[in-house]
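Structure file target-v3.txt with compact mmCIF, C-alpha atoms:
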# COMPACT_ATOMS: atom_id res chain seq x y z
CA MET A 20 8.64 -18.04 16.31
CA ARG A 21 10.55 -16.96 13.21
CA ALA A 22 10.40 -13.38 11.96
CA LEU A 23 12.23 -10.93 9.70
CA VAL A 24 14.14 -8.66 12.07
CA TYR A 25 15.60 -5.30 11.08
CA HIS A 26 19.17 -4.81 12.32
CA GLY A 27 19.90 -1.42 10.79
CA PRO A 28 20.27 -0.05 7.23
CA ALA A 29 20.70 -2.86 4.67
CA GLN A 30 20.55 -5.48 7.42
CA ALA A 31 17.66 -7.86 8.13
CA SER A 32 17.55 -11.56 8.89
CA TRP A 33 15.04 -14.38 9.46
CA ASP A 34 15.55 -14.92 13.18
CA MET A 35 14.07 -16.84 16.08
CA VAL A 36 12.31 -14.36 18.39
CA PRO A 37 9.87 -14.66 21.32
CA ASP A 38 6.23 -15.26 20.44
CA PRO A 39 4.07 -12.15 20.79
CA VAL A 40 1.75 -11.97 23.79
CA ILE A 41 -1.32 -9.94 24.71
CA GLU A 42 0.03 -6.69 26.16
CA GLU A 43 -3.18 -4.65 26.25
CA ALA A 44 -6.76 -5.78 26.72
CA THR A 45 -7.59 -4.56 23.19
CA ASP A 46 -4.90 -6.73 21.54
CA ALA A 47 -5.20 -9.89 19.49
CA VAL A 48 -2.49 -12.33 18.46
CA VAL A 49 -2.89 -13.47 14.85
CA ARG A 50 -1.18 -16.38 13.12
CA VAL A 51 0.13 -15.07 9.81
CA ASP A 52 -1.15 -17.17 6.91
CA ALA A 53 -0.09 -14.70 4.20
CA THR A 54 1.96 -11.53 4.18
CA THR A 55 3.72 -9.38 1.62
CA ILE A 56 6.34 -6.67 1.14
CA CYS A 57 5.72 -2.97 0.59
CA GLY A 58 7.90 -0.29 -0.97
CA SER A 59 8.06 1.39 2.43
CA ASP A 60 9.79 -1.75 3.76
CA LEU A 61 12.55 -1.09 1.23
CA HIS A 62 12.72 2.50 2.48
CA ILE A 63 13.25 1.17 6.00
CA LEU A 64 16.08 -1.08 4.83
CA ARG A 65 17.68 1.91 3.09
CA GLY A 66 17.64 3.79 6.38
CA ASP A 67 15.07 6.36 5.21
CA LEU A 68 12.90 5.91 8.34
CA PRO A 69 15.14 6.48 11.36
CA GLU A 70 12.23 5.96 13.75
CA VAL A 71 12.43 2.23 12.99
CA LYS A 72 14.85 0.82 15.55
CA PRO A 73 17.08 -2.24 15.16
CA GLY A 74 15.37 -5.30 16.57
CA THR A 75 11.97 -4.45 15.03
CA VAL A 76 10.08 -7.14 13.11
CA LEU A 77 9.21 -5.67 9.71
CA GLY A 78 5.94 -5.75 7.75
CA HIS A 79 2.46 -4.27 8.04
CA GLU A 80 0.25 -6.37 5.72
CA ALA A 81 -1.18 -9.77 6.59
CA VAL A 82 -4.06 -12.21 6.54
CA GLY A 83 -4.37 -14.86 9.21
CA GLU A 84 -6.21 -16.64 12.00
CA VAL A 85 -6.93 -15.12 15.40
CA MET A 86 -5.20 -17.21 18.06
CA GLU A 87 -5.86 -15.18 21.22
CA VAL A 88 -7.72 -12.02 22.17
CA GLY A 89 -7.57 -9.61 25.08
CA GLY A 90 -10.44 -9.06 27.50
CA ASP A 91 -11.64 -5.88 25.79
CA VAL A 92 -11.83 -7.39 22.28
CA HIS A 93 -15.53 -7.89 21.55
CA ASP A 94 -15.82 -8.52 17.79
CA LEU A 95 -13.25 -11.29 17.39
CA ARG A 96 -12.64 -14.72 18.84
CA PRO A 97 -9.99 -17.40 18.32
CA GLY A 98 -10.44 -19.15 15.00
CA ASP A 99 -11.66 -16.08 13.10
CA GLN A 100 -9.96 -15.42 9.76
CA VAL A 101 -9.03 -11.75 9.40
CA ILE A 102 -7.31 -9.19 7.22
CA VAL A 103 -4.85 -7.22 9.36
CA SER A 104 -4.98 -3.56 8.44
CA SER A 105 -1.70 -1.75 7.85
CA VAL A 106 -3.08 1.01 10.08
CA SER A 107 -3.88 0.47 13.74
CA ALA A 108 -6.85 2.50 14.99
CA CYS A 109 -7.90 3.03 18.60
CA GLY A 110 -11.44 3.79 17.38
CA HIS A 111 -12.10 6.50 19.95
CA CYS A 112 -9.85 9.53 19.34
CA GLN A 113 -10.96 12.49 17.25
CA ALA A 114 -9.03 11.30 14.20
CA CYS A 115 -10.65 7.87 14.37
CA ARG A 116 -14.11 9.38 14.85
CA ASP A 117 -13.43 11.44 11.72
CA THR A 118 -12.40 8.16 9.94
CA VAL A 119 -8.87 9.51 9.47
CA LEU A 120 -7.53 6.30 10.98
CA GLY A 121 -4.01 6.76 9.67
CA GLN A 122 -3.69 9.80 11.93
CA CYS A 123 -4.93 7.99 15.06
CA CYS A 124 -3.71 9.90 18.12
CA GLY A 125 -4.75 7.27 20.64
CA GLY A 126 -1.68 5.09 20.21
CA GLY A 127 -2.38 3.79 16.73
CA GLY A 128 -1.56 4.94 13.22
CA ARG A 129 1.18 3.44 11.07
CA ILE A 130 2.91 1.51 13.84
CA LEU A 131 3.11 -2.13 12.67
CA GLY A 132 6.60 -2.93 11.41
CA SER A 133 7.70 0.55 12.37
CA LEU A 134 7.17 1.46 16.02
CA ILE A 135 6.14 -2.06 17.06
CA ASN A 136 6.79 -5.54 15.68
CA GLY A 137 5.07 -6.24 12.39
CA THR A 138 3.61 -8.94 10.19
CA GLN A 139 6.59 -10.53 8.43
CA ALA A 140 6.56 -13.27 11.03
CA GLU A 141 4.76 -16.44 12.01
CA LEU A 142 2.67 -14.53 14.58
CA VAL A 143 1.82 -10.86 15.10
CA ARG A 144 0.32 -8.87 17.96
CA VAL A 145 -2.41 -6.61 16.57
CA PRO A 146 -3.25 -3.59 18.73
CA PHE A 147 -6.85 -2.31 18.86
CA ALA A 148 -7.94 -5.54 17.20
CA ASP A 149 -11.64 -4.67 16.93
CA PHE A 150 -10.83 -1.61 14.81
CA SER A 151 -7.67 -2.85 13.05
CA THR A 152 -8.88 -6.08 11.45
CA HIS A 153 -11.57 -7.09 8.98
CA ARG A 154 -13.31 -10.47 8.81
CA LEU A 155 -12.12 -12.46 5.82
CA PRO A 156 -14.90 -13.82 3.56
CA SER A 157 -14.52 -17.55 3.00
CA ASN A 158 -14.49 -17.18 -0.79
CA LEU A 159 -11.73 -14.55 -0.99
CA PRO A 160 -8.30 -16.01 -1.90
CA LEU A 161 -5.44 -15.12 0.45
CA ASP A 162 -3.38 -13.59 -2.37
CA GLU A 163 -6.16 -11.11 -3.09
CA ALA A 164 -7.15 -10.59 0.53
CA VAL A 165 -3.67 -9.46 1.57
CA LEU A 166 -3.87 -6.65 -1.00
CA LEU A 167 -6.67 -5.18 1.13
CA SER A 168 -4.29 -4.64 4.05
CA GLU A 169 -2.78 -1.63 2.32
CA VAL A 170 -2.17 -1.50 -1.42
CA LEU A 171 -5.79 -1.26 -2.59
CA PRO A 172 -6.93 1.20 0.12
CA THR A 173 -3.85 3.34 -0.60
CA ALA A 174 -4.56 3.36 -4.32
CA TYR A 175 -8.15 4.41 -3.71
CA GLU A 176 -7.93 6.75 -0.73
CA VAL A 177 -4.63 8.53 -1.37
CA GLY A 178 -4.63 8.30 -5.16
CA VAL A 179 -8.05 8.08 -6.80
CA ARG A 180 -10.14 9.77 -4.11
CA ASN A 181 -7.64 12.50 -3.20
CA GLY A 182 -7.05 13.10 -6.91
CA HIS A 183 -10.81 13.48 -7.53
CA VAL A 184 -10.80 11.12 -10.51
CA SER A 185 -14.08 11.69 -12.35
CA PRO A 186 -15.82 10.38 -15.49
CA GLY A 187 -14.09 11.58 -18.64
CA ASP A 188 -10.80 12.49 -16.97
CA LEU A 189 -7.37 11.94 -18.45
CA VAL A 190 -5.45 10.20 -15.66
CA VAL A 191 -1.67 9.78 -15.63
CA VAL A 192 -0.04 7.41 -13.15
CA VAL A 193 3.67 8.05 -12.59
CA GLY A 194 5.27 4.82 -11.40
CA ALA A 195 4.17 1.31 -12.38
CA GLY A 196 4.87 -0.49 -9.13
CA PRO A 197 2.13 -2.38 -7.28
CA VAL A 198 0.42 0.68 -5.80
CA GLY A 199 0.55 2.58 -9.11
CA LEU A 200 -1.00 -0.32 -10.98
CA ALA A 201 -3.58 -0.74 -8.22
CA ALA A 202 -4.49 2.90 -8.81
CA VAL A 203 -5.05 2.11 -12.50
CA ILE A 204 -7.41 -0.73 -11.55
CA VAL A 205 -9.37 1.31 -9.01
CA ALA A 206 -9.52 4.43 -11.22
CA ARG A 207 -11.39 2.47 -13.88
CA LEU A 208 -14.39 2.33 -11.51
CA PHE A 209 -14.78 6.08 -12.12
CA SER A 210 -14.77 5.91 -15.94
CA PRO A 211 -11.79 8.07 -16.94
CA ARG A 212 -11.58 8.53 -20.69
CA ARG A 213 -7.95 7.45 -20.72
CA THR A 214 -5.38 6.15 -18.23
CA ILE A 215 -1.69 6.49 -19.04
CA VAL A 216 1.12 4.88 -17.02
CA VAL A 217 4.63 6.32 -17.06
CA ASP A 218 7.71 4.42 -15.87
CA HIS A 219 11.33 3.73 -16.79
CA SER A 220 10.87 -0.04 -16.52
CA ALA A 221 9.94 -1.77 -19.77
CA ALA A 222 8.81 -4.86 -17.83
CA ARG A 223 6.46 -2.87 -15.64
CA LEU A 224 5.12 -0.88 -18.57
CA GLU A 225 4.17 -4.19 -20.15
CA ALA A 226 2.49 -5.18 -16.88
CA ALA A 227 0.55 -1.90 -16.92
CA LEU A 228 -0.97 -2.75 -20.29
CA HIS A 229 -1.99 -6.19 -19.01
CA ILE A 230 -3.56 -4.57 -15.95
CA GLY A 231 -5.74 -2.35 -18.16
CA ALA A 232 -3.90 0.94 -18.79
CA ASP A 233 -4.76 2.55 -22.13
CA ALA A 234 -1.12 3.47 -22.71
CA ALA A 235 2.19 2.79 -20.98
CA GLU A 236 5.22 4.85 -21.98
CA LEU A 237 8.65 6.04 -20.99
CA PRO A 238 8.54 9.50 -19.38
CA GLY A 239 10.25 11.68 -21.98
CA LYS A 240 7.90 11.80 -24.97
CA MET A 241 4.68 11.37 -23.01
CA ILE A 242 5.44 14.10 -20.47
CA ALA A 243 6.55 16.46 -23.24
CA GLU A 244 3.26 15.94 -25.07
CA LEU A 245 1.24 16.48 -21.90
CA SER A 246 3.14 19.58 -20.77
CA GLU A 247 2.92 21.15 -24.23
CA GLY A 248 -0.76 20.24 -24.66
CA HIS A 249 -3.82 20.32 -22.43
CA GLY A 250 -2.26 18.17 -19.71
CA ALA A 251 -3.71 15.55 -17.42
CA ASP A 252 -6.77 16.18 -15.28
CA VAL A 253 -5.32 13.96 -12.54
CA VAL A 254 -1.75 12.83 -11.98
CA ILE A 255 -1.18 10.10 -9.41
CA GLU A 256 2.45 10.15 -8.34
CA ALA A 257 3.20 6.57 -7.30
CA SER A 258 6.95 6.32 -7.77
CA GLY A 259 8.00 7.88 -4.48
CA GLU A 260 10.97 9.43 -6.26
CA PRO A 261 11.86 13.15 -6.53
CA ASP A 262 11.99 12.96 -10.34
CA GLY A 263 8.56 11.37 -10.37
CA PHE A 264 7.12 14.31 -8.45
CA VAL A 265 8.70 16.82 -10.84
CA LEU A 266 7.31 14.87 -13.81
CA SER A 267 3.87 15.02 -12.20
CA THR A 268 3.98 18.80 -11.93
CA ARG A 269 4.88 19.04 -15.61
CA ALA A 270 2.12 16.69 -16.74
CA VAL A 271 -0.84 18.20 -14.86
CA ARG A 272 -3.19 20.65 -16.54
CA THR A 273 -4.22 24.04 -15.23
CA GLY A 274 -6.80 23.40 -12.52
CA GLY A 275 -5.80 19.74 -12.24
CA HIS A 276 -4.94 17.53 -9.30
CA ILE A 277 -1.70 15.83 -8.26
CA ALA A 278 -2.21 13.03 -5.74
CA THR A 279 1.07 11.98 -4.17
CA ILE A 280 0.73 8.33 -3.30
CA GLY A 281 4.35 7.07 -3.27
CA ALA A 282 6.41 6.80 -0.08
CA HIS A 283 9.04 9.53 -0.32
CA GLY A 284 12.28 8.97 1.55
CA ARG A 285 14.15 11.93 0.02
CA PRO A 286 13.36 15.62 -0.54
CA ALA A 287 11.52 16.54 -3.74
CA THR A 288 11.64 19.92 -5.43
CA LEU A 289 8.41 21.91 -5.73
CA HIS A 290 8.73 24.31 -8.68
CA LEU A 291 6.27 26.95 -7.53
CA GLU A 292 7.66 29.34 -10.13
CA SER A 293 5.95 27.12 -12.71
CA LEU A 294 2.86 26.20 -10.72
CA TRP A 295 1.70 29.20 -8.73
CA ARG A 296 -0.61 30.50 -11.44
CA LYS A 297 -1.99 27.13 -12.55
CA ASN A 298 -4.61 26.52 -9.82
CA VAL A 299 -3.14 23.06 -9.22
CA THR A 300 -4.15 21.08 -6.14
CA ILE A 301 -1.45 18.84 -4.62
CA SER A 302 -2.48 16.27 -2.03
CA THR A 303 -0.50 13.95 0.18
CA GLY A 304 -1.78 11.40 2.62
CA GLN A 305 -1.41 8.46 4.95
CA VAL A 306 -3.75 5.62 4.08
CA ASP A 307 -6.65 5.20 6.51
CA THR A 308 -7.93 1.79 5.36
CA SER A 309 -11.46 3.00 6.15
CA SER A 310 -12.37 1.94 2.60
CA THR A 311 -11.28 -1.68 3.10
CA PRO A 312 -14.80 -3.12 3.67
CA TRP A 313 -16.12 -1.45 0.51
CA LEU A 314 -13.12 -2.52 -1.57
CA MET A 315 -13.34 -6.04 -0.17
CA GLU A 316 -16.85 -6.45 -1.55
CA LEU A 317 -15.75 -5.17 -4.97
CA VAL A 318 -12.90 -7.70 -5.04
CA ARG A 319 -15.12 -10.47 -3.71
CA TYR A 320 -17.73 -10.01 -6.43
CA GLY A 321 -15.29 -9.49 -9.28
CA ARG A 322 -15.70 -5.75 -9.81
CA LEU A 323 -12.00 -5.24 -9.08
CA GLN A 324 -9.76 -7.75 -10.85
CA VAL A 325 -6.58 -7.65 -8.77
CA SER A 326 -5.01 -11.10 -9.07
CA ARG A 327 -2.45 -9.89 -11.64
CA LEU A 328 -0.89 -7.64 -9.02
CA VAL A 329 0.54 -10.79 -7.40
CA THR A 330 3.37 -12.13 -9.53
CA GLN A 331 5.16 -14.49 -7.13
CA THR A 332 4.25 -16.63 -4.13
CA LEU A 333 6.82 -18.12 -1.76
CA ALA A 334 6.91 -19.94 1.55
CA LEU A 335 7.06 -17.68 4.59
CA ASP A 336 10.55 -18.81 5.54
CA ARG A 337 11.85 -17.52 2.19
CA MET A 338 11.33 -13.94 3.30
CA GLN A 339 14.82 -12.80 2.36
CA ASP A 340 14.44 -14.32 -1.11
CA ALA A 341 11.16 -12.43 -1.43
CA TYR A 342 12.90 -9.13 -0.65
CA ASP A 343 15.44 -9.87 -3.35
CA VAL A 344 12.70 -10.60 -5.89
CA PHE A 345 10.67 -7.53 -4.92
CA SER A 346 13.64 -5.14 -4.91
CA HIS A 347 14.49 -6.17 -8.49
CA GLY A 348 10.92 -5.67 -9.69
CA PRO A 349 11.71 -2.76 -12.04
CA ALA A 350 14.10 -5.02 -13.97
CA THR A 351 12.07 -8.23 -13.86
CA GLY A 352 8.48 -7.00 -13.77
CA ALA A 353 7.84 -8.52 -10.33
CA LEU A 354 5.00 -6.82 -8.48
CA LYS A 355 3.54 -8.12 -5.22
CA VAL A 356 5.35 -11.11 -3.71
CA VAL A 357 3.06 -12.96 -1.29
CA LEU A 358 4.46 -15.30 1.35
CA HIS A 359 2.36 -18.18 2.69
CA ARG A 360 2.55 -20.20 5.87
CA GLU A 361 3.30 -23.80 4.93
Final structure tokens representation of the file:
Amino acid sequence: MRALVYHGPAQASWDMVPDPVIEEATDAVVRVDATTICGSDLHILRGDLPEVKPGTVLGHEAVGEVMEVGGDVHDLRPGDQVIVSSVSACGHCQACRDTVLGQCCGGGGRILGSLINGTQAELVRVPFADFSTHRLPSNLPLDEAVLLSEVLPTAYEVGVRNGHVSPGDLVVVVGAGPVGLAAVIVARLFSPRRTIVVDHSAARLEAALHIGADAAELPGKMIAELSEGHGADVVIEASGEPDGFVLSTRAVRTGGHIATIGAHGRPATLHLESLWRKNVTISTGQVDTSSTPWLMELVRYGRLQVSRLVTQTLALDRMQDAYDVFSHGPATGALKVVLHRE
């Protein structure tokens, strides 16, 4: 099969590699019908995640058809259409029983495209298939379904839920990439009085307004007004950049919440000299994808309008072109780039 193989920092190519096979009785092999690129994939290519070894197939988001299952897979059979979760869950360890699937200590967690071969390929081996896939409803488009692998659960679980977004809140989202804009969409379910998006990219600020943000501004003036005034009840830091975290600490009100949702590959400064007396709660988190079934129904029945998060679709064999498009998103306004099997 063909797959995008990581060869070290700034090096990846669309190579011919062996087809995946069932290695454990709980595995499934899934044909990839649609996949996409995440900001953490760019972090890998920058060398920010040294645990990812050369020779690894990248990617952790996909939708596809089950081709083969191991003997201990009970809920799937060949021919089933599934969403592949970005998080693999054994289903039996204490973390999984507590529905903290991203912290699975039974051999799962965030392993696809990191510790094992991932989804940016024609086929993928999915460990713990019963607990790491979700049946795809027949009326859910692939471009929307693939967002349920990671971006929508991350926006909800790590951003909106960890940030305790509540009716009447002023919510500020720092970073207008796909996960930040997904947080804007999901936050609206909880009736904030106002949602403000902050970013340096004019193209993505425009996208934020189309998505449904009440305001979209460059950082300087907006953050100054927030830090000098009441401040935001909830700040969702979705940029993954050190400056974005510092901006979040300046924008939050006394007693407010900062939910760090971006993938940070570099150290960020925590100015406790400014925060220690403010009763601020700062949360971090690995997505669990335990919310995927709930979110899937909201997307399916039109309660979450997410199609605008996908700005480009390409054939699967144009994976390297897709990385180029996605990496230039701040300049062009590109958000999610979805790749389809032809």
So how many Å separate atom CA of Leu328 of chain A and atom CA of Leu167 of chain A, to one decimal? 11.9 Å
Which residue of A:Val191, A:Ala222, A:Met315, A:Cys124 approaches Val101 of chain A most closely, using only C-alpha atoms: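 Between A:Val191, A:Ala222, A:Met315, A:Cys124, the residue approaching Val101 of chain A most closely is A:Met315.
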Determine, counting all atoms listed in the file, every residue of protein, DNA or RNA that lies within 12 Å of (-17.1, -8.5, -4.0) in the file coordinates, then give the result as a PyMOL selection string. chain A and resi 155-160+163-164+311-325
Please report the interatomic distance between atom CA of Ile215 of chain A and atom CA of Gly281 of chain A in Å with one decimal. 16.9 Å
Mind working out the centre and edge lengths of an axis-aligned box for segment 164-170 of chain A, all listed atoms inside, 4 Å added to each side, rounded to one decimal in Å and written as lines of an AutoDock Vina configuration file?
center_x = -4.7
center_y = -6.0
center_z = 1.3
size_x = 13.0
size_y = 17.1
size_z = 13.5
Could you check which residues have any atom within 7 Å of (-2.7, 6.1, -16.7), counting all atoms listed in the file with coordinates taken straight from the file, and then list them as number ranges by chain? A: 190-192, 203, 213-216, 232-234
Deliver the residues from the most recent selection as a file, using C-alpha atoms, as a compact mmCIF listing (two decimals), in the frame of the given file.
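What ended up in result05.txt:
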# COMPACT_ATOMS: atom_id res chain seq x y z
CA VAL A 190 -5.45 10.20 -15.66
CA VAL A 191 -1.67 9.78 -15.63
CA VAL A 192 -0.04 7.41 -13.15
CA VAL A 203 -5.05 2.11 -12.50
CA ARG A 213 -7.95 7.45 -20.72
CA THR A 214 -5.38 6.15 -18.23
CA ILE A 215 -1.69 6.49 -19.04
CA VAL A 216 1.12 4.88 -17.02
CA ALA A 232 -3.90 0.94 -18.79
CA ASP A 233 -4.76 2.55 -22.13
CA ALA A 234 -1.12 3.47 -22.71
